[in-house]
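What follows is the content of final14.cif (mmCIF, C-alpha atoms).
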data_protein
#
loop_
_atom_site.label_atom_id
_atom_site.label_comp_id
_atom_site.auth_asym_id
_atom_site.auth_seq_id
_atom_site.Cartn_x
_atom_site.Cartn_y
_atom_site.Cartn_z
CA MET A 3 0.00 0.00 0.00
CA SER A 4 2.82 2.37 -0.87
CA SER A 5 0.73 4.40 -3.32
CA ARG A 6 -2.87 5.53 -3.56
CA PRO A 7 -3.71 3.34 -6.63
CA ALA A 8 -2.34 0.27 -4.82
CA LEU A 9 -4.25 1.20 -1.68
CA ARG A 10 -7.42 1.63 -3.72
CA ARG A 11 -7.01 -1.84 -5.29
CA VAL A 12 -6.33 -3.54 -1.95
CA LEU A 13 -9.20 -1.84 -0.15
CA SER A 14 -11.61 -2.34 -3.05
CA GLU A 15 -10.98 -6.07 -2.84
CA LEU A 16 -11.36 -6.03 0.94
CA LEU A 17 -14.56 -4.04 0.63
CA SER A 18 -16.07 -6.58 -1.75
CA VAL A 19 -15.20 -9.36 0.70
CA LEU A 20 -16.63 -7.49 3.66
CA GLN A 21 -19.86 -6.81 1.81
CA ASP A 22 -20.39 -10.56 1.47
CA CYS A 23 -22.16 -11.44 4.72
CA ARG A 24 -20.99 -15.05 4.56
CA GLN A 25 -17.31 -14.04 4.50
CA ARG A 26 -17.50 -10.85 6.53
CA ARG A 27 -15.59 -12.30 9.49
CA VAL A 28 -12.22 -12.26 7.73
CA PHE A 29 -10.64 -10.55 10.71
CA SER A 30 -10.65 -11.50 14.36
CA CYS A 31 -13.59 -9.34 15.41
CA ALA A 32 -16.41 -7.26 14.02
CA ALA A 33 -14.72 -4.03 15.17
CA GLU A 34 -11.70 -4.76 13.00
CA ASP A 35 -13.95 -5.67 10.07
CA SER A 36 -15.62 -2.28 10.53
CA CYS A 37 -12.23 -0.59 10.66
CA ILE A 38 -11.30 -1.91 7.22
CA TYR A 39 -14.81 -1.31 5.89
CA GLN A 40 -14.82 2.39 6.79
CA LEU A 41 -11.28 2.93 5.51
CA ALA A 42 -12.36 1.31 2.26
CA MET A 43 -15.43 3.54 2.11
CA LEU A 44 -13.20 6.58 2.54
CA VAL A 45 -10.93 5.75 -0.37
CA CYS A 46 -13.30 3.94 -2.72
CA SER A 47 -16.45 6.02 -2.72
CA GLN A 48 -17.58 9.59 -3.16
CA ILE A 49 -18.82 9.78 0.41
CA ASP A 50 -19.04 13.38 1.60
CA ASP A 51 -17.33 14.76 4.71
CA LYS A 52 -20.44 14.82 6.92
CA ARG A 53 -21.53 11.31 6.01
CA PHE A 54 -18.09 9.90 6.71
CA ALA A 55 -17.96 11.75 10.04
CA ASP A 56 -21.35 10.31 11.01
CA LEU A 57 -20.25 6.79 10.07
CA TYR A 58 -17.08 7.09 12.11
CA LYS A 59 -18.79 8.55 15.19
CA ALA A 60 -21.17 5.59 15.21
CA GLN A 61 -18.35 3.12 15.92
CA ARG A 62 -15.06 5.01 16.47
CA TYR A 63 -12.94 2.05 15.43
CA LEU A 64 -9.70 3.88 16.30
CA ARG A 65 -10.68 4.40 19.93
CA HIS A 66 -9.20 1.12 21.18
CA PRO A 67 -7.64 -0.57 18.14
CA SER A 68 -5.32 -3.54 18.21
CA PRO A 69 -1.69 -2.55 17.51
CA VAL A 70 -1.71 -4.38 14.17
CA MET A 71 -4.96 -2.78 13.04
CA LEU A 72 -3.81 0.68 14.14
CA SER A 73 -0.63 0.31 12.10
CA LEU A 74 -2.57 -0.89 9.05
CA VAL A 75 -5.13 1.90 9.17
CA LEU A 76 -2.51 4.60 9.74
CA THR A 77 -0.54 3.30 6.75
CA GLY A 78 -3.62 3.89 4.61
CA LEU A 79 -4.34 7.27 6.19
CA VAL A 80 -0.78 8.47 5.57
CA ILE A 81 -1.31 7.90 1.85
CA LEU A 82 -4.82 9.34 1.74
CA SER A 83 -4.04 12.42 3.84
CA LYS A 84 -1.47 13.60 1.31
CA THR A 85 -4.42 14.69 -0.85
CA PRO A 86 -6.05 17.86 0.55
CA LYS A 87 -9.53 16.69 -0.47
CA MET A 88 -9.11 13.46 1.47
CA ALA A 89 -7.42 15.15 4.43
CA ARG A 90 -10.44 17.42 4.82
CA LYS A 91 -12.59 14.36 5.49
CA MET A 92 -10.42 13.19 8.38
CA PRO A 93 -10.71 15.72 11.26
CA VAL A 94 -13.25 13.40 12.90
CA LEU A 95 -10.46 10.80 13.28
CA LEU A 96 -7.97 13.08 15.04
CA PRO A 97 -9.16 12.90 18.68
CA ASP A 98 -8.78 9.11 18.70
CA ILE A 99 -5.49 9.16 16.79
CA VAL A 100 -4.14 11.72 19.28
CA GLU A 101 -5.15 9.53 22.22
CA ASN A 102 -3.07 6.69 20.76
CA LEU A 103 0.09 8.79 21.12
CA PRO A 104 2.69 7.64 21.85
CA ALA A 105 2.28 4.20 20.34
CA ALA A 106 4.36 1.28 21.55
CA ASP A 107 5.91 1.00 18.08
CA THR A 108 7.97 3.97 16.91
CA ASN A 109 6.88 3.44 13.30
CA VAL A 110 3.24 3.71 14.34
CA THR A 111 3.96 6.93 16.23
CA VAL A 112 5.63 8.35 13.12
CA LYS A 113 2.62 7.43 10.98
CA ALA A 114 0.24 9.03 13.48
CA LEU A 115 2.26 12.26 13.55
CA VAL A 116 2.34 12.41 9.74
CA VAL A 117 -1.43 11.92 9.50
CA ILE A 118 -2.13 14.54 12.19
CA THR A 119 0.18 17.00 10.44
CA ASN A 120 -1.42 16.47 7.03
CA VAL A 121 -4.95 16.78 8.40
CA THR A 122 -4.41 19.81 10.65
CA ARG A 123 -2.92 21.72 7.72
CA GLN A 124 -6.32 21.44 6.01
CA MET A 125 -8.31 22.53 9.05
CA LYS A 126 -9.42 26.02 9.96
CA TRP A 127 -8.14 27.34 13.28
CA GLU A 128 -11.63 27.11 14.74
CA GLU A 129 -11.70 23.38 13.93
CA ALA A 130 -8.17 22.64 15.17
CA ASN A 131 -8.85 24.61 18.35
CA HIS A 132 -10.98 21.75 19.67
CA ILE A 133 -8.03 19.35 19.89
CA ALA A 134 -5.11 21.79 20.10
CA LEU A 135 -4.55 21.69 23.86
CA ARG A 136 -4.80 17.92 24.13
CA LEU A 137 -2.51 17.50 21.16
CA VAL A 138 0.27 19.72 22.52
CA GLU A 139 0.08 17.83 25.83
CA LYS A 140 0.74 14.63 23.91
CA LEU A 141 3.51 16.19 21.82
CA LEU A 142 5.64 17.61 24.63
CA PRO A 143 6.94 14.23 25.92
CA LEU A 144 7.80 13.24 22.34
CA PHE A 145 10.43 15.99 22.18
CA ASP A 146 12.69 13.61 24.11
CA ASP A 147 11.83 10.44 22.20
CA GLU A 148 14.70 8.13 21.27
CA SER A 149 13.76 8.41 17.60
CA SER A 150 15.09 11.56 15.95
CA GLN A 151 12.25 11.34 13.41
CA VAL A 152 9.65 11.41 16.19
CA ARG A 153 11.43 14.34 17.83
CA GLU A 154 11.51 16.32 14.60
CA LEU A 155 7.91 15.58 13.61
CA SER A 156 6.54 16.35 17.07
CA ILE A 157 8.43 19.66 17.30
CA HIS A 158 7.28 20.76 13.83
CA LEU A 159 3.69 19.80 14.64
CA PHE A 160 3.83 21.67 17.96
CA LYS A 161 4.84 24.81 16.06
CA GLU A 162 1.83 24.55 13.75
CA VAL A 163 -0.76 23.60 16.34
CA MET A 164 0.11 26.12 19.04
CA LYS A 165 -1.07 28.95 16.79
CA THR A 166 -4.57 27.49 16.40
CA ALA A 167 -5.81 28.10 19.94
CA VAL A 168 -8.54 30.73 20.04
CA GLY A 169 -10.96 32.11 22.60
CA SER A 170 -10.86 30.55 26.05
CA ASN A 171 -8.11 28.12 25.03
CA THR A 172 -5.60 30.89 24.34
CA ARG A 173 -4.50 31.37 27.96
CA ASN A 174 -3.98 27.65 28.52
CA MET A 175 -2.06 27.37 25.26
CA VAL A 176 0.27 30.14 26.38
CA LYS A 177 1.08 28.05 29.47
CA LYS A 178 1.80 25.02 27.29
CA VAL A 179 4.05 27.10 25.04
CA LYS A 180 6.00 28.41 28.02
CA SER A 181 6.49 24.85 29.26
CA ALA A 182 8.11 23.98 25.92
CA LEU A 183 10.74 26.73 26.00
CA LEU A 184 13.45 24.92 27.95
CA PRO A 185 13.10 21.57 26.14
CA LEU A 186 13.28 23.36 22.80
CA PHE A 187 16.30 25.35 23.93
CA PHE A 188 18.10 22.15 24.95
CA HIS A 189 17.27 20.52 21.61
CA MET A 190 18.87 23.37 19.71
CA ASN A 191 22.02 21.35 20.49
CA ASP A 192 20.48 18.04 19.41
CA GLN A 193 22.91 15.69 17.71
CA ASN A 194 20.49 15.44 14.80
CA THR A 195 20.77 18.66 12.79
CA SER A 196 17.17 18.48 11.55
CA VAL A 197 15.89 18.28 15.13
CA ALA A 198 18.16 21.16 16.13
CA LYS A 199 16.84 23.31 13.26
CA ALA A 200 13.22 22.41 14.02
CA SER A 201 13.80 23.36 17.68
CA GLN A 202 15.30 26.72 16.73
CA ASP A 203 12.43 27.57 14.36
CA THR A 204 9.79 26.48 16.88
CA LEU A 205 11.46 28.37 19.71
CA ARG A 206 11.35 31.51 17.60
CA ALA A 207 7.66 30.93 16.87
CA CYS A 208 7.00 30.45 20.60
CA ALA A 209 8.71 33.73 21.39
CA GLU A 210 6.63 35.53 18.77
CA LEU A 211 3.42 34.08 20.19
CA LEU A 212 4.44 35.21 23.68
CA GLY A 213 5.39 38.68 22.45
CA TRP A 214 9.03 38.20 23.44
CA ARG A 215 10.49 40.17 20.53
CA ARG A 216 14.05 40.26 21.78
CA PHE A 217 14.13 36.53 22.47
CA SER A 218 12.61 35.87 19.04
CA SER A 219 15.40 37.86 17.44
CA LEU A 220 18.02 35.93 19.41
CA ALA A 221 16.45 32.62 18.39
CA ALA A 222 16.36 33.65 14.73
CA THR A 223 20.11 34.24 14.75
CA GLY A 224 20.92 31.28 16.99
CA GLN A 225 22.63 33.34 19.70
CA THR A 226 22.42 30.59 22.30
CA HIS A 227 24.61 32.39 24.86
CA LEU A 228 22.28 35.40 24.99
CA MET A 229 19.25 33.14 24.83
CA ARG A 230 20.57 31.28 27.86
CA GLU A 231 20.97 34.55 29.76
CA TYR A 232 17.41 35.52 28.84
CA LEU A 233 16.09 32.19 30.11
CA GLU A 234 18.21 32.45 33.27
CA PHE A 235 16.54 35.78 33.92
CA ALA A 236 13.12 34.22 33.32
CA VAL A 237 13.80 31.28 35.67
CA SER A 238 15.11 33.62 38.37
CA ALA A 239 12.03 35.78 37.99
CA LEU A 240 9.89 32.68 38.32
CA LYS A 241 11.66 31.66 41.55
CA GLU A 242 11.06 35.13 42.95
CA PHE A 243 7.41 34.92 42.00
CA LEU A 244 7.01 31.47 43.58
CA ALA A 245 8.71 32.58 46.79
CA THR A 246 6.29 35.50 47.00
CA MET A 247 3.29 33.26 46.35
CA GLN A 248 4.40 30.81 49.04
CA GLY A 249 5.00 33.52 51.58
CA GLY A 250 8.73 32.87 51.68
CA SER A 251 11.67 35.11 51.05
CA CYS A 252 13.92 35.23 48.07
CA SER A 253 17.00 37.32 47.54
CA TRP A 254 16.65 38.95 44.13
CA ASP A 255 19.76 40.57 42.77
CA SER A 256 18.40 42.85 40.07
CA SER A 257 21.88 44.28 39.42
CA ASN A 258 22.63 41.21 37.32
CA HIS A 259 19.89 42.27 34.94
CA GLY A 260 20.37 45.98 34.63
CA GLY A 261 18.55 46.77 37.86
CA GLN A 262 15.08 46.29 36.43
CA GLN A 263 12.56 43.73 35.33
CA ASP A 264 12.45 42.75 31.70
CA PRO A 265 9.11 44.16 30.54
CA GLU A 266 8.57 41.14 28.28
CA LEU A 267 8.52 38.80 31.29
CA GLY A 268 5.91 40.66 33.30
CA ASN A 269 5.38 39.65 36.92
CA GLY A 270 7.92 36.85 36.89
CA ASN A 271 5.62 33.94 36.13
CA ALA A 272 7.59 33.45 32.94
CA PHE A 273 6.92 29.77 32.43
CA GLY A 274 3.45 29.40 33.90
CA TYR A 275 4.57 26.50 36.12
CA CYS A 276 3.15 28.00 39.31
CA HIS A 277 1.90 24.79 40.95
CA SER A 278 3.80 22.21 38.92
CA GLN A 279 6.72 19.95 39.71
CA SER A 280 8.32 21.49 36.64
CA THR A 281 9.22 24.57 38.72
CA ALA A 282 12.22 22.71 40.08
CA ILE A 283 14.58 24.05 37.43
CA SER A 284 18.17 24.65 38.40
CA MET A 285 20.42 27.24 36.86
CA SER A 286 22.88 24.47 36.00
CA GLN A 287 20.24 22.97 33.68
CA VAL A 288 19.90 26.20 31.77
CA ARG A 289 23.66 26.72 31.56
CA ARG A 290 24.25 23.34 29.92
#
Represent the structure from my file as structure tokens, please.
Amino acid sequence: MSSRPALRRVLSELLSVLQDCRQRRVFSCAAEDSCIYQLAMLVCSQIDDKRFADLYKAQRYLRHPSPVMLSLVLTGLVILSKTPKMARKMPVLLPDIVENLPAADTNVTVKALVVITNVTRQMKWEEANHIALRLVEKLLPLFDDESSQVRELSIHLFKEVMKTAVGSNTRNMVKKVKSALLPLFFHMNDQNTSVAKASQDTLRACAELLGWRRFSSLAATGQTHLMREYLEFAVSALKEFLATMQGGSCSWDSSNHGGQQDPELGNGNAFGYCHSQSTAISMSQVRR
């Protein structure tokens, strides 16, 4: 199934088998039969977007698929989603595909990321907004995946999806973006050059979304030393903010930063980690 014509031939044959009630149980269970049937319907017929969405919602065969079936279906969806017309039929599949991240098999994770990327590119921001927050939550751990391909795909996808949050989701998305800053900064030194470049580009996009113009400029030119100083300032400001919130005391030496707050960082809650374990960031981590 390496091409759409081949996929069409394979699924057409499967569809004809599945439509024969006497031979319909060619797979281990009815759910997997339905999985193939609906994929075949997607590629072989002129079914419209709404009708396909209704058919999928009736059974949601990707909600708890077997690993083999998930891999098979995603292989087909990778091919189909390359065509904008087909990709526009698939938003209904995304919530369940997202919930299957990360898959036990790296190849399946890669397929899922490719499908999600192809489909979200065809969605309006208002549509993507419904899954944006959940998707970025799933993507963040993949930044540190052993597979460089997974790292690169997840970072690129994060860059595209973070811009789709609108309305009430905007504030929560800003928190997610802030939580990605340090991982992205570290991956600017990734051994894989494609991952390093993706991290740099995404870090710049994050800074632009946050309104951090100076940091965006530093990221664009790859000035990691000055970027590190900027992040050190942000982490120190966060520690000061947390100490204030917890009623403790914190010695803040503003002389190291020109004697004043950086207006881009506001009240010090630079990373939005206020009640998270992620606040335990040491300066040695940033200096590395």
Task: Test item: the PyMOL selection byres ((chain A and resi 130) around 12) resolved as a PyMOL selection string - done: chain A and resi 90+92-94+96-97+118-119+121-129+131-138+162-168+171
Could you save the residues just selected, with C-alpha atoms, as a PDB file, in the frame of the given file?
ATOM      1  CA  ARG A  90     -10.440  17.420   4.820  1.00  0.00           C
ATOM      2  CA  MET A  92     -10.420  13.190   8.380  1.00  0.00           C
ATOM      3  CA  PRO A  93     -10.710  15.720  11.260  1.00  0.00           C
ATOM      4  CA  VAL A  94     -13.250  13.400  12.900  1.00  0.00           C
ATOM      5  CA  LEU A  96      -7.970  13.080  15.040  1.00  0.00           C
ATOM      6  CA  PRO A  97      -9.160  12.900  18.680  1.00  0.00           C
ATOM      7  CA  ILE A 118      -2.130  14.540  12.190  1.00  0.00           C
ATOM      8  CA  THR A 119       0.180  17.000  10.440  1.00  0.00           C
ATOM      9  CA  VAL A 121      -4.950  16.780   8.400  1.00  0.00           C
ATOM     10  CA  THR A 122      -4.410  19.810  10.650  1.00  0.00           C
ATOM     11  CA  ARG A 123      -2.920  21.720   7.720  1.00  0.00           C
ATOM     12  CA  GLN A 124      -6.320  21.440   6.010  1.00  0.00           C
ATOM     13  CA  MET A 125      -8.310  22.530   9.050  1.00  0.00           C
ATOM     14  CA  LYS A 126      -9.420  26.020   9.960  1.00  0.00           C
ATOM     15  CA  TRP A 127      -8.140  27.340  13.280  1.00  0.00           C
ATOM     16  CA  GLU A 128     -11.630  27.110  14.740  1.00  0.00           C
ATOM     17  CA  GLU A 129     -11.700  23.380  13.930  1.00  0.00           C
ATOM     18  CA  ASN A 131      -8.850  24.610  18.350  1.00  0.00           C
ATOM     19  CA  HIS A 132     -10.980  21.750  19.670  1.00  0.00           C
ATOM     20  CA  ILE A 133      -8.030  19.350  19.890  1.00  0.00           C
ATOM     21  CA  ALA A 134      -5.110  21.790  20.100  1.00  0.00           C
ATOM     22  CA  LEU A 135      -4.550  21.690  23.860  1.00  0.00           C
ATOM     23  CA  ARG A 136      -4.800  17.920  24.130  1.00  0.00           C
ATOM     24  CA  LEU A 137      -2.510  17.500  21.160  1.00  0.00           C
ATOM     25  CA  VAL A 138       0.270  19.720  22.520  1.00  0.00           C
ATOM     26  CA  GLU A 162       1.830  24.550  13.750  1.00  0.00           C
ATOM     27  CA  VAL A 163      -0.760  23.600  16.340  1.00  0.00           C
ATOM     28  CA  MET A 164       0.110  26.120  19.040  1.00  0.00           C
ATOM     29  CA  LYS A 165      -1.070  28.950  16.790  1.00  0.00           C
ATOM     30  CA  THR A 166      -4.570  27.490  16.400  1.00  0.00           C
ATOM     31  CA  ALA A 167      -5.810  28.100  19.940  1.00  0.00           C
ATOM     32  CA  VAL A 168      -8.540  30.730  20.040  1.00  0.00           C
ATOM     33  CA  ASN A 171      -8.110  28.120  25.030  1.00  0.00           C
TER      34      ASN A 171
END
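With CA of Ser201 (chain A) on one side and CA of Thr85 (chain A) on the other, the separation reads 27.4 Å.
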Open item on the list: Evaluate the PyMOL selection byres ((chain A and resi 192-198) around 12) against this structure - the residues, as JSON, numbers by chain, please.
Closed with: {"A": [144, 145, 146, 147, 148, 149, 150, 151, 152, 153, 154, 155, 156, 157, 158, 185, 186, 187, 188, 189, 190, 191, 199, 200, 201, 202, 203, 204, 205, 221, 224]}
Task: Point-to-point distance in Å for CA of Gly169 (chain A) and CA of Arg206 (chain A) - done: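 Interatomic distance here is 22.9 Å.
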Could you pull out every residue with an atom within 9 Å of (1.8, 32.0, 26.7), file coordinates, counting all atoms listed in the file, and send them as a PDB file with C-alpha atoms, keeping the file's coordinate frame?
ATOM      1  CA  THR A 172      -5.600  30.890  24.340  1.00  0.00           C
ATOM      2  CA  ARG A 173      -4.500  31.370  27.960  1.00  0.00           C
ATOM      3  CA  ASN A 174      -3.980  27.650  28.520  1.00  0.00           C
ATOM      4  CA  MET A 175      -2.060  27.370  25.260  1.00  0.00           C
ATOM      5  CA  VAL A 176       0.270  30.140  26.380  1.00  0.00           C
ATOM      6  CA  LYS A 177       1.080  28.050  29.470  1.00  0.00           C
ATOM      7  CA  LYS A 178       1.800  25.020  27.290  1.00  0.00           C
ATOM      8  CA  VAL A 179       4.050  27.100  25.040  1.00  0.00           C
ATOM      9  CA  LYS A 180       6.000  28.410  28.020  1.00  0.00           C
ATOM     10  CA  SER A 181       6.490  24.850  29.260  1.00  0.00           C
ATOM     11  CA  CYS A 208       7.000  30.450  20.600  1.00  0.00           C
ATOM     12  CA  ALA A 209       8.710  33.730  21.390  1.00  0.00           C
ATOM     13  CA  LEU A 211       3.420  34.080  20.190  1.00  0.00           C
ATOM     14  CA  LEU A 212       4.440  35.210  23.680  1.00  0.00           C
ATOM     15  CA  GLY A 213       5.390  38.680  22.450  1.00  0.00           C
ATOM     16  CA  ALA A 272       7.590  33.450  32.940  1.00  0.00           C
ATOM     17  CA  PHE A 273       6.920  29.770  32.430  1.00  0.00           C
ATOM     18  CA  GLY A 274       3.450  29.400  33.900  1.00  0.00           C
TER      19      GLY A 274
END
Task: Shortest interatomic distance to Leu76 (chain A) - which of A:Leu141, A:Ala114, A:Ala222, A:Leu64, counting only C-alpha atoms - done: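 Of A:Leu141, A:Ala114, A:Ala222, A:Leu64, the one nearest Leu76 (chain A), counting only C-alpha atoms, is A:Ala114.
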